[in-house]
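Listing of start-v4.txt; format and content: compact mmCIF, C-alpha atoms and all ligand atoms.
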```txt
# COMPACT_ATOMS: atom_id res chain seq x y z
CA LEU A 102 9.65 -17.46 -17.69
CA ARG A 103 7.58 -17.33 -20.82
CA ASP A 104 5.15 -14.66 -22.04
CA GLY A 105 5.41 -12.78 -18.76
CA LYS A 106 4.53 -15.81 -16.67
CA ILE A 107 6.41 -18.28 -14.52
CA GLU A 108 6.70 -21.42 -16.59
CA ALA A 109 8.43 -23.75 -14.16
CA VAL A 110 10.24 -23.87 -10.84
CA LEU A 111 12.92 -26.54 -10.90
CA PRO A 112 16.45 -27.38 -9.79
CA THR A 113 19.10 -25.37 -11.66
CA ARG A 114 20.80 -28.47 -13.07
CA GLU A 115 17.57 -29.64 -14.74
CA ALA A 116 16.78 -26.31 -16.39
CA PRO A 117 19.11 -26.48 -19.46
CA ALA A 118 17.82 -29.91 -20.48
CA ARG A 119 14.15 -29.04 -20.11
CA PHE A 120 14.36 -25.53 -21.54
CA PRO A 121 17.31 -25.57 -23.98
CA GLY A 122 16.28 -22.40 -25.83
CA HIS A 123 15.77 -20.24 -22.73
CA GLU A 124 18.08 -17.38 -21.86
CA ALA A 125 19.75 -18.00 -18.50
CA LEU A 126 20.57 -15.48 -15.79
CA ASP A 127 22.87 -16.72 -13.07
CA LEU A 128 22.25 -14.97 -9.75
CA ALA A 129 24.73 -16.51 -7.33
CA ASP A 130 24.22 -15.66 -3.63
CA HIS A 131 20.73 -14.33 -4.38
CA VAL A 132 17.31 -15.29 -3.19
CA LEU A 133 14.36 -14.86 -5.54
CA ILE A 134 11.11 -13.79 -3.92
CA PRO A 135 7.68 -12.79 -5.23
CA GLY A 136 7.57 -9.07 -6.01
CA LEU A 137 6.55 -7.24 -2.82
CA VAL A 138 2.99 -5.94 -2.61
CA ASN A 139 2.53 -2.56 -0.93
CA ALA A 140 -1.10 -2.96 0.11
CA HIS A 141 -1.65 0.62 1.24
CA THR A 142 -0.07 3.83 0.11
CA HIS A 143 -0.74 7.35 -1.14
CA ALA A 144 1.96 7.46 -3.81
CA ALA A 145 1.69 11.17 -4.62
CA MET A 146 2.40 12.08 -0.99
CA SER A 147 6.06 11.26 -1.57
CA LEU A 148 6.28 14.96 -2.50
CA MET A 149 5.45 15.70 1.16
CA ARG A 150 8.10 13.39 2.60
CA GLY A 151 9.50 15.06 5.71
CA LEU A 152 7.31 18.15 5.34
CA ALA A 153 5.68 17.82 8.76
CA ASP A 154 7.11 15.31 11.23
CA ASP A 155 6.62 14.52 14.89
CA LEU A 156 2.94 15.52 15.13
CA PRO A 157 -0.23 13.67 16.21
CA LEU A 158 -2.50 12.39 13.39
CA MET A 159 -5.26 15.00 13.52
CA THR A 160 -2.87 17.97 13.92
CA TRP A 161 -0.69 16.54 11.18
CA LEU A 162 -3.68 16.12 8.85
CA GLU A 163 -5.68 19.26 9.67
CA LYS A 164 -2.87 21.76 10.16
CA HIS A 165 -0.27 20.54 7.69
CA ILE A 166 -1.21 17.89 5.15
CA TRP A 167 -4.71 19.04 4.22
CA PRO A 168 -3.71 22.74 3.81
CA ALA A 169 -0.74 21.66 1.66
CA GLU A 170 -3.07 19.51 -0.43
CA VAL A 171 -5.64 22.29 -0.85
CA GLN A 172 -2.92 24.52 -2.28
CA HIS A 173 -1.13 21.97 -4.43
CA VAL A 174 -3.06 18.89 -5.43
CA SER A 175 -3.54 18.71 -9.19
CA PRO A 176 -3.04 16.08 -11.90
CA ASP A 177 0.58 17.27 -12.31
CA PHE A 178 1.27 17.03 -8.57
CA VAL A 179 -0.09 13.48 -8.46
CA ARG A 180 1.73 12.40 -11.63
CA ASP A 181 5.10 13.72 -10.39
CA GLY A 182 4.65 12.41 -6.84
CA ALA A 183 3.53 9.00 -8.07
CA ALA A 184 6.42 8.80 -10.57
CA LEU A 185 8.83 9.46 -7.71
CA ALA A 186 7.10 6.83 -5.56
CA CYS A 187 7.18 4.26 -8.39
CA ALA A 188 10.93 4.72 -8.81
CA GLU A 189 11.48 4.31 -5.06
CA MET A 190 9.20 1.29 -4.80
CA LEU A 191 10.66 -0.57 -7.79
CA ARG A 192 14.19 -0.12 -6.50
CA GLY A 193 13.00 -1.53 -3.19
CA GLY A 194 11.58 -4.68 -4.78
CA ILE A 195 7.91 -3.60 -4.78
CA THR A 196 6.09 -4.67 -7.96
CA CYS A 197 2.49 -3.84 -7.01
CA PHE A 198 0.92 -1.08 -4.94
CA ASN A 199 -2.57 -0.21 -3.77
CA ASP A 200 -3.12 3.54 -3.95
CA MET A 201 -5.66 5.91 -2.47
CA TYR A 202 -5.50 9.54 -3.55
CA PHE A 203 -7.03 12.39 -5.54
CA PHE A 204 -6.69 12.30 -9.35
CA PRO A 205 -6.11 8.53 -9.46
CA GLU A 206 -5.79 8.71 -13.25
CA ALA A 207 -2.49 10.56 -12.81
CA ALA A 208 -1.09 7.93 -10.42
CA LEU A 209 -2.34 5.20 -12.74
CA GLU A 210 -0.55 6.72 -15.72
CA ALA A 211 2.65 7.09 -13.66
CA ALA A 212 2.44 3.41 -12.68
CA LEU A 213 1.88 2.31 -16.27
CA ALA A 214 4.81 4.45 -17.45
CA ALA A 215 7.08 2.97 -14.76
CA GLY A 216 5.81 -0.55 -15.44
CA LEU A 217 4.40 -1.38 -12.01
CA ARG A 218 1.23 -3.29 -11.30
CA SER A 219 -1.17 -1.01 -9.46
CA VAL A 220 -4.56 -0.89 -7.82
CA HIS A 221 -6.36 2.44 -7.63
CA GLY A 222 -8.99 3.63 -5.24
CA MET A 223 -12.22 5.08 -6.55
CA ILE A 224 -12.11 7.51 -3.66
CA VAL A 225 -15.09 8.64 -1.62
CA PHE A 226 -14.89 11.70 0.60
CA GLU A 227 -17.62 14.16 1.58
CA TYR A 228 -15.49 17.29 1.23
CA PRO A 229 -14.73 19.25 -1.93
CA SER A 230 -11.20 19.29 -3.36
CA ALA A 231 -9.55 20.21 -6.63
CA TYR A 232 -10.49 16.70 -7.80
CA GLY A 233 -14.20 16.66 -6.98
CA SER A 234 -17.08 18.44 -5.32
CA ASP A 235 -18.69 15.75 -3.15
CA ALA A 236 -18.93 11.99 -2.63
CA GLN A 237 -21.13 11.48 -5.67
CA ASP A 238 -18.78 13.41 -7.89
CA TYR A 239 -15.74 11.45 -6.66
CA LEU A 240 -17.53 8.17 -7.25
CA ARG A 241 -18.65 9.18 -10.72
CA LYS A 242 -15.08 10.07 -11.65
CA GLY A 243 -13.70 6.87 -10.14
CA LEU A 244 -16.20 4.73 -12.01
CA GLN A 245 -15.39 6.46 -15.29
CA LEU A 246 -11.70 5.78 -14.75
CA ARG A 247 -12.40 2.12 -14.04
CA ASP A 248 -14.43 1.85 -17.24
CA ARG A 249 -11.55 3.30 -19.20
CA TYR A 250 -8.90 0.91 -17.82
CA ARG A 251 -10.85 -2.21 -16.94
CA GLU A 252 -9.18 -4.24 -19.72
CA ASP A 253 -5.66 -3.21 -18.67
CA ALA A 254 -3.85 -6.28 -17.32
CA ARG A 255 -1.64 -4.35 -14.88
CA THR A 256 -4.35 -2.15 -13.42
CA SER A 257 -7.24 -2.88 -11.11
CA PHE A 258 -9.53 -0.94 -8.80
CA CYS A 259 -10.94 -0.73 -5.29
CA LEU A 260 -13.70 1.39 -3.88
CA ALA A 261 -11.87 3.66 -1.46
CA PRO A 262 -14.00 5.49 1.09
CA HIS A 263 -11.28 7.46 2.90
CA ALA A 264 -12.22 6.81 6.55
CA PRO A 265 -15.26 6.55 8.84
CA TYR A 266 -14.82 10.19 9.92
CA THR A 267 -14.81 11.62 6.37
CA VAL A 268 -17.63 9.58 4.79
CA ALA A 269 -21.38 9.74 5.54
CA ASP A 270 -23.76 6.79 5.91
CA ALA A 271 -25.48 7.44 2.58
CA SER A 272 -22.16 7.25 0.73
CA PHE A 273 -21.17 4.08 2.58
CA LYS A 274 -24.46 2.47 1.49
CA ARG A 275 -23.71 3.36 -2.11
CA VAL A 276 -20.19 1.91 -1.75
CA SER A 277 -21.64 -1.31 -0.37
CA THR A 278 -24.05 -1.65 -3.33
CA LEU A 279 -21.34 -0.84 -5.88
CA ALA A 280 -18.83 -3.25 -4.33
CA ALA A 281 -21.34 -6.09 -4.73
CA GLU A 282 -22.28 -5.05 -8.26
CA LEU A 283 -18.74 -4.59 -9.54
CA ASP A 284 -17.07 -7.25 -7.40
CA VAL A 285 -14.25 -4.94 -6.25
CA PRO A 286 -12.64 -4.68 -2.79
CA ILE A 287 -13.34 -1.82 -0.36
CA HIS A 288 -10.15 -0.08 0.78
CA ILE A 289 -10.58 2.09 3.91
CA HIS A 290 -8.59 3.50 6.84
CA LEU A 291 -10.25 1.87 9.86
CA HIS A 292 -9.75 1.94 13.64
CA GLU A 293 -6.49 3.84 13.21
CA THR A 294 -6.69 5.92 16.40
CA GLN A 295 -8.58 5.91 19.68
CA GLU A 296 -9.89 9.35 18.75
CA GLU A 297 -11.55 7.94 15.62
CA ILE A 298 -13.40 5.39 17.74
CA GLU A 299 -14.50 7.92 20.35
CA ARG A 300 -15.76 10.26 17.66
CA SER A 301 -17.79 7.46 16.09
CA LEU A 302 -19.27 6.51 19.47
CA ALA A 303 -20.27 10.17 20.03
CA GLU A 304 -21.66 10.75 16.52
CA HIS A 305 -23.07 7.35 15.59
CA GLY A 306 -23.45 5.51 18.90
CA VAL A 307 -21.29 2.62 17.70
CA ARG A 308 -17.64 1.92 16.90
CA PRO A 309 -16.61 2.40 13.25
CA LEU A 310 -16.38 -1.31 12.36
CA GLU A 311 -19.89 -1.93 13.74
CA ARG A 312 -21.16 1.07 11.79
CA LEU A 313 -19.66 -0.36 8.59
CA ARG A 314 -21.14 -3.77 9.37
CA ARG A 315 -24.61 -2.27 9.70
CA LEU A 316 -24.13 -0.46 6.40
CA GLY A 317 -23.17 -3.69 4.63
CA LEU A 318 -19.46 -3.11 4.06
CA VAL A 319 -18.01 -5.90 6.17
CA GLY A 320 -17.30 -8.94 3.98
CA PRO A 321 -14.48 -10.73 2.13
CA GLY A 322 -13.66 -7.63 0.07
CA LEU A 323 -13.06 -5.34 3.05
CA ILE A 324 -9.47 -4.10 3.31
CA ALA A 325 -9.21 -2.53 6.75
CA VAL A 326 -6.09 -0.38 6.82
CA HIS A 327 -4.38 0.02 10.21
CA ALA A 328 -6.93 -1.84 12.42
CA VAL A 329 -4.93 -0.78 15.46
CA HIS A 330 -7.69 -0.62 18.06
CA LEU A 331 -9.71 -3.82 18.05
CA LEU A 332 -11.83 -5.59 20.66
CA PRO A 333 -11.72 -9.41 20.73
CA GLU A 334 -15.20 -9.59 19.15
CA GLU A 335 -14.06 -7.26 16.36
CA ILE A 336 -11.14 -9.58 15.55
CA GLU A 337 -13.63 -12.46 15.45
CA LEU A 338 -15.89 -10.49 13.12
CA LEU A 339 -13.00 -9.69 10.73
CA ALA A 340 -12.05 -13.38 10.69
CA ARG A 341 -15.60 -14.66 10.25
CA GLU A 342 -16.25 -12.26 7.37
CA ARG A 343 -12.88 -13.11 5.76
CA CYS A 344 -11.75 -9.47 5.74
CA SER A 345 -8.15 -8.38 5.21
CA VAL A 346 -6.14 -6.06 7.42
CA VAL A 347 -3.29 -3.94 6.08
CA HIS A 348 -0.78 -3.44 8.85
CA CYS A 349 1.33 -0.26 8.49
CA PRO A 350 3.71 -0.46 11.44
CA SER A 351 5.95 2.54 10.63
CA SER A 352 3.01 4.87 10.09
CA ASN A 353 1.33 3.69 13.29
CA LEU A 354 4.54 4.27 15.22
CA LYS A 355 5.28 7.67 13.70
CA LEU A 356 1.78 9.02 14.29
CA ALA A 357 1.63 7.30 17.70
CA SER A 358 -1.60 5.56 16.69
CA GLY A 359 -0.88 2.45 18.72
CA PHE A 360 0.07 -1.18 18.12
CA ALA A 361 -2.04 -3.38 15.85
CA PRO A 362 -2.73 -6.81 17.40
CA VAL A 363 -1.15 -8.66 14.47
CA ALA A 364 -0.46 -11.94 16.24
CA ARG A 365 -4.08 -12.14 17.43
CA LEU A 366 -5.38 -11.29 13.96
CA LEU A 367 -3.31 -14.07 12.39
CA GLU A 368 -4.27 -16.51 15.11
CA ALA A 369 -7.94 -15.79 14.41
CA GLY A 370 -7.33 -16.44 10.70
CA VAL A 371 -7.53 -12.86 9.38
CA ASN A 372 -5.55 -12.24 6.19
CA VAL A 373 -2.82 -9.71 7.06
CA ALA A 374 -1.03 -7.61 4.43
CA LEU A 375 1.62 -4.91 4.83
CA GLY A 376 1.59 -1.30 3.71
CA THR A 377 3.92 1.65 3.89
CA ASP A 378 1.15 4.27 4.00
CA GLY A 379 2.19 7.56 2.34
CA ALA A 380 5.73 8.88 2.52
CA ALA A 381 4.46 11.83 4.57
CA SER A 382 3.85 9.53 7.55
CA ASN A 383 6.58 6.94 7.20
CA ASN A 384 8.86 8.41 5.53
CA ARG A 385 9.99 5.47 3.36
CA LEU A 386 8.11 3.36 0.84
CA ASP A 387 10.11 0.39 1.99
CA LEU A 388 8.54 -3.00 2.61
CA PHE A 389 11.77 -4.50 3.97
CA GLN A 390 11.51 -1.95 6.75
CA GLU A 391 7.82 -2.81 7.27
CA MET A 392 8.52 -6.56 7.39
CA ARG A 393 11.17 -6.08 10.03
CA SER A 394 9.16 -3.59 12.08
CA ALA A 395 6.06 -5.78 11.87
CA ALA A 396 7.93 -8.88 13.01
CA LEU A 397 9.64 -7.09 15.90
CA LEU A 398 6.57 -5.18 17.05
CA ALA A 399 4.30 -8.21 16.93
CA LYS A 400 6.58 -9.97 19.40
CA ALA A 401 6.67 -7.06 21.84
CA VAL A 402 2.89 -6.52 21.60
CA ALA A 403 2.10 -10.23 22.08
CA ARG A 404 4.92 -10.61 24.63
CA ASP A 405 5.79 -13.71 22.69
CA ALA A 406 8.97 -14.06 20.62
CA ARG A 407 7.19 -16.61 18.42
CA ALA A 408 4.72 -13.98 17.14
CA LEU A 409 4.94 -13.08 13.42
CA PRO A 410 7.94 -15.24 12.50
CA ALA A 411 10.01 -14.29 9.44
CA HIS A 412 8.07 -16.50 7.02
CA ALA A 413 4.77 -14.96 8.15
CA ALA A 414 6.16 -11.44 7.68
CA LEU A 415 7.32 -12.29 4.15
CA ARG A 416 3.95 -13.86 3.40
CA ALA A 417 2.15 -10.69 4.57
CA ALA A 418 4.36 -8.60 2.26
CA THR A 419 3.60 -10.83 -0.74
CA LEU A 420 0.69 -13.28 -0.83
CA GLY A 421 -1.19 -11.54 1.98
CA GLY A 422 -1.22 -8.31 -0.02
CA ALA A 423 -2.17 -10.11 -3.22
CA ARG A 424 -5.09 -11.79 -1.46
CA ALA A 425 -6.32 -8.54 0.08
CA LEU A 426 -6.39 -6.99 -3.40
CA GLY A 427 -8.13 -9.98 -4.98
CA LEU A 428 -5.01 -10.70 -7.07
CA ASP A 429 -3.79 -13.90 -5.38
CA ALA A 430 -4.64 -16.05 -8.39
CA ARG A 431 -2.21 -13.96 -10.46
CA ILE A 432 0.58 -12.73 -8.17
CA GLY A 433 2.02 -13.08 -4.66
CA SER A 434 3.90 -16.38 -4.93
CA ILE A 435 6.37 -18.13 -7.23
CA VAL A 436 4.12 -20.71 -8.82
CA PRO A 437 3.95 -21.80 -12.48
CA GLY A 438 1.17 -19.94 -14.27
CA LYS A 439 1.38 -16.82 -12.12
CA ALA A 440 2.72 -13.53 -13.48
CA ALA A 441 6.51 -13.28 -13.29
CA ASP A 442 6.52 -10.41 -10.78
CA LEU A 443 9.82 -11.21 -9.08
CA THR A 444 12.48 -9.60 -6.91
CA ALA A 445 16.05 -10.83 -6.54
CA VAL A 446 17.90 -9.97 -3.34
CA ARG A 447 21.62 -10.44 -2.97
CA LEU A 448 22.43 -12.06 0.34
CA SER A 449 26.15 -11.44 0.53
CA GLY A 450 28.46 -8.89 2.08
CA PRO A 451 29.64 -8.57 5.67
CA GLU A 452 26.25 -7.46 6.98
CA LEU A 453 24.57 -10.59 5.60
CA ALA A 454 27.18 -13.27 6.28
CA PRO A 455 26.82 -16.05 7.15
CA CYS A 456 23.40 -17.06 5.84
CA TYR A 457 21.72 -19.98 7.57
CA GLU A 458 18.18 -19.15 6.55
CA PRO A 459 17.46 -16.80 3.65
CA VAL A 460 13.99 -15.77 4.88
CA SER A 461 15.43 -14.84 8.27
CA HIS A 462 17.88 -12.57 6.45
CA LEU A 463 15.17 -11.02 4.27
CA VAL A 464 13.20 -9.94 7.34
CA TYR A 465 15.81 -9.30 10.01
CA ALA A 466 19.08 -8.43 8.29
CA ALA A 467 18.68 -7.39 4.65
CA GLY A 468 17.28 -4.11 3.36
CA ARG A 469 16.02 -2.72 0.10
CA GLU A 470 19.60 -1.78 -0.79
CA HIS A 471 20.20 -5.49 -1.36
CA VAL A 472 17.61 -5.69 -4.17
CA THR A 473 19.44 -6.20 -7.44
CA HIS A 474 16.78 -7.25 -9.98
CA VAL A 475 13.05 -6.72 -10.32
CA TRP A 476 10.68 -8.02 -12.98
CA VAL A 477 7.02 -7.21 -13.60
CA ASP A 478 5.22 -9.59 -15.98
CA GLY A 479 8.66 -11.02 -16.75
CA GLU A 480 9.95 -7.66 -17.99
CA PRO A 481 13.08 -6.34 -16.28
CA ARG A 482 12.45 -3.17 -14.26
CA VAL A 483 15.56 -3.11 -12.08
CA SER A 484 18.92 -4.59 -13.05
CA GLY A 485 22.12 -4.35 -11.03
CA GLY A 486 20.24 -2.25 -8.46
CA GLU A 487 19.31 0.44 -11.00
CA LEU A 488 16.08 1.21 -12.80
CA VAL A 489 16.09 -0.22 -16.32
CA LYS A 490 13.95 2.65 -17.53
CA ALA A 491 14.78 6.10 -16.15
CA PRO A 492 11.97 8.11 -14.51
CA PRO A 493 10.21 10.65 -16.78
CA ARG A 494 12.47 13.38 -18.14
CA GLY A 495 12.49 16.54 -16.08
CA LEU A 496 11.13 14.80 -12.98
CA ASP A 497 14.01 16.07 -10.81
CA THR A 498 13.28 19.67 -11.82
CA GLN A 499 9.59 19.21 -11.13
CA ILE A 500 10.30 17.76 -7.69
CA GLY A 501 12.49 20.77 -6.91
CA MET A 502 9.65 23.04 -7.94
CA TRP A 503 7.12 21.27 -5.70
CA GLN A 504 9.60 21.38 -2.84
CA ASN A 505 10.01 25.16 -3.17
CA SER A 506 6.31 25.73 -3.28
CA LEU A 507 5.50 23.45 -0.33
CA GLN A 508 8.35 24.95 1.68
CA LYS A 509 7.01 28.47 1.13
CA LEU A 510 3.58 27.38 2.34
CA ALA A 511 5.04 25.77 5.46
CA ALA A 512 7.06 28.92 6.20
CA SER A 513 4.00 31.17 5.84
CA GLU A 514 2.07 28.90 8.22
CA ARG A 515 4.82 29.22 10.80
CA ALA A 516 4.70 33.01 10.46
CA ASP A 517 0.92 33.04 10.80
CA PRO A 518 0.03 30.22 13.24
ZN ZN B 1 -3.17 5.95 4.61
```
Kindly present the structure from the file in structure tokens form.
Ligand SMILES: [Zn+2]
Amino acid sequence: LRDGKIEAVLPTREAPARFPGHEALDLADHVLIPGLVNAHTHAAMSLMRGLADDLPLMTWLEKHIWPAEVQHVSPDFVRDGAALACAEMLRGGITCFNDMYFFPEAALEAALAAGLRSVHGMIVFEYPSAYGSDAQDYLRKGLQLRDRYREDARTSFCLAPHAPYTVADASFKRVSTLAAELDVPIHIHLHETQEEIERSLAEHGVRPLERLRRLGLVGPGLIAVHAVHLLPEEIELLARERCSVVHCPSSNLKLASGFAPVARLLEAGVNVALGTDGAASNNRLDLFQEMRSAALLAKAVARDARALPAHAALRAATLGGARALGLDARIGSIVPGKAADLTAVRLSGPELAPCYEPVSHLVYAAGREHVTHVWVDGEPRVSGGELVKAPPRGLDTQIGMWQNSLQKLAASERADP
């Protein structure tokens, strides 16, 4: 590594002769992989981990998550929640995440403080919140934030209309124009549930993806999160337009949204990335878990044990995510010239012995507890399984405070259904 970048990839025995002045780190029994890319999350929602489980998506959102957000969301809430999420993600080998939430400046600052690479949604939503009054206001704030941080090497932006059922046609048109002007991806929850599709058919006469196509949003920058319910012609459209899909298997399972047709998407040539979604619907920000779930589910859904093999699952968690975010020239693989965003995983111990094929172990046997070292831009973030830099002072106390407050709200809702 030199100046935060990968300088060379070469056999160990050749390294001392070619790079005599370089510091050496010997990681026996380890495999070095590109830092994992969490292509869809809501980092601040880690404060709502386990707050409301075992509920269908709309009940979960309308009766639990949204009321909790109305009462609590603020810059402090987002900063604390995102700081917690950054600590969890780094320890699990994640070096880059794509976030969608209110007060993105607070999540951005938390990511910078923790030293992660991050992508932030300029969110679009028709409803008022503590963060903004309407779609125009959200967009204005998002654009201002992008202007402020556009030179920052570890930060980038997406346009992030929340979902087809929370964004109006006029706002989608504006997003389409802005995406072309600014050359940024469009990050959106899409075809997550059957209910979403039925609602779109009733309100707009077409399915959500077709509605977005007509409004000019379907193109190489589209990041369709979930994409669970797809017709064959919709898979063809996503492939033809070179869109990306972020598969979030744990979230889809927990909210009973359905099974994304991952094998068919890959077969058609769609770029597939992996995401954890927020910790309120997962409840882990753990891409090892997502790789394993994705690989196992894809086989059951396709009724084909060859579907989503281990290498393809690892690719989705690394280069697939980088490509979806428009960062594949800089991260996502271990290639000279790319940023040294790296994760070392120790493949030893009774649960990982013997090791015939390291990638098989990464997907099917290892977990985030086997991550020992993480670097972002060549700077150490995790060493010996522990964060190099501790989370912000007082974070534990703050988390306790949010927990008390959210718990009180949940208790009052139970008393007054
Ligand atoms: Zn989500």
Among A:Val402, A:Leu318, A:Val174, A:Leu415, A:Pro459 is approached most closely, using all atoms listed in the file, by A:Leu415
Query - Surrounding residues of A:Glu206 excluding itself and chain neighbours under 3 positions, 9 Å, all atoms listed in the file, as a PyMOL selection string - result: chain A and resi 176+179-180+203+209-211+221+243+246
Checklist entry - Quick one: residues within 12 Å of A:Cys456, only C-alpha atoms counted, chain neighbours fewer than 3 positions away excluded, as a list of chain:residue names? => result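 Contacts, with the query itself left out: A:Asp130, A:His131, A:Val132, A:Arg447, A:Leu448, A:Ser449, A:Gly450, A:Pro451, A:Glu452, A:Leu453, A:Pro459, A:Val460, A:Ser461, A:His462, A:Leu463, A:Tyr465, A:Ala466, A:Ala467.
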Take the selection from the previous step and output its residues with C-alpha atoms, as a PDB file, in the frame of the given file.
```
ATOM      1  CA  ASP A 130      24.220 -15.660  -3.630  1.00  0.00           C
ATOM      2  CA  HIS A 131      20.730 -14.330  -4.380  1.00  0.00           C
ATOM      3  CA  VAL A 132      17.310 -15.290  -3.190  1.00  0.00           C
ATOM      4  CA  ARG A 447      21.620 -10.440  -2.970  1.00  0.00           C
ATOM      5  CA  LEU A 448      22.430 -12.060   0.340  1.00  0.00           C
ATOM      6  CA  SER A 449      26.150 -11.440   0.530  1.00  0.00           C
ATOM      7  CA  GLY A 450      28.460  -8.890   2.080  1.00  0.00           C
ATOM      8  CA  PRO A 451      29.640  -8.570   5.670  1.00  0.00           C
ATOM      9  CA  GLU A 452      26.250  -7.460   6.980  1.00  0.00           C
ATOM     10  CA  LEU A 453      24.570 -10.590   5.600  1.00  0.00           C
ATOM     11  CA  PRO A 459      17.460 -16.800   3.650  1.00  0.00           C
ATOM     12  CA  VAL A 460      13.990 -15.770   4.880  1.00  0.00           C
ATOM     13  CA  SER A 461      15.430 -14.840   8.270  1.00  0.00           C
ATOM     14  CA  HIS A 462      17.880 -12.570   6.450  1.00  0.00           C
ATOM     15  CA  LEU A 463      15.170 -11.020   4.270  1.00  0.00           C
ATOM     16  CA  TYR A 465      15.810  -9.300  10.010  1.00  0.00           C
ATOM     17  CA  ALA A 466      19.080  -8.430   8.290  1.00  0.00           C
ATOM     18  CA  ALA A 467      18.680  -7.390   4.650  1.00  0.00           C
TER      19      ALA A 467
END
```
Which polymer residues, whether protein, DNA or RNA, lie within 8 Å of the coordinate (3.6, 20.5, -8.3) when you count all atoms listed in the file? List them as a PyMOL selection string, using the chain letters and numbers from the file.
chain A and resi 173-175+177-179+181+499-500+502-503+506
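You will find atom CA of A:Met392 at 23.7 Å from atom CA of A:Pro157.
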(Q) Please list as a ChimeraX atom specification every residue within 6 Å of A:Ser484, counting only C-alpha atoms and excluding residues in the same chain fewer than 3 positions away. (A) /A:473-474,487
Using only C-alpha atoms, the residue out of A:Leu507, A:Val329, A:Ala125, A:Ala411 with shortest distance to A:Thr113 is A:Ala125
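Nearest residue to A:Ser352, choosing from A:Glu470, A:Glu337, A:Glu189, A:Asp387 and counting only C-alpha atoms: A:Asp387.
The coordinates place atom CA of A:Arg312 at 27.8 Å from atom CA of A:Phe198.
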Here atom CA of A:Asn372 and atom CA of A:Asp429 stand apart by 11.8 Å
- Query: Once you count only C-alpha atoms and all ligand atoms, which residues end up within 9 Å of ligand ZN 1 (chain B), and could you hand them over as a ChimeraX atom specification?
  - Reply: /A:141-143,200-201,263,289-290,326-327,349,352,376-379,382
With a cut-off of 12 Å, could you pull out the residues of stretch 371-486 of chain A touching stretch 251-255 of chain A and give me the nearest pair of atoms for each, distance in Å to one decimal, using all atoms listed in the file, ordered by chain and ascending number, as JSON lines?
```
{"residue": "A:Leu428", "atom": "CA", "partner": "A:Arg255", "partner_atom": "CA", "distance": 10.6}
{"residue": "A:Arg431", "atom": "CA", "partner": "A:Ala254", "partner_atom": "CA", "distance": 10.4}
{"residue": "A:Ile432", "atom": "CA", "partner": "A:Arg255", "partner_atom": "CA", "distance": 11.0}
{"residue": "A:Ala440", "atom": "CA", "partner": "A:Arg255", "partner_atom": "CA", "distance": 10.3}
{"residue": "A:Asp442", "atom": "CA", "partner": "A:Arg255", "partner_atom": "CA", "distance": 11.0}
{"residue": "A:Val477", "atom": "CA", "partner": "A:Arg255", "partner_atom": "CA", "distance": 9.2}
{"residue": "A:Asp478", "atom": "CA", "partner": "A:Arg255", "partner_atom": "CA", "distance": 8.7}
```
query: For A:Leu426, which of A:Pro112, A:Pro492, A:Gly322, A:Gly122 is the closest residue, counting all atoms listed in the file?
result: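 Comparing A:Pro112, A:Pro492, A:Gly322, A:Gly122 against A:Leu426, the winner is A:Gly322.
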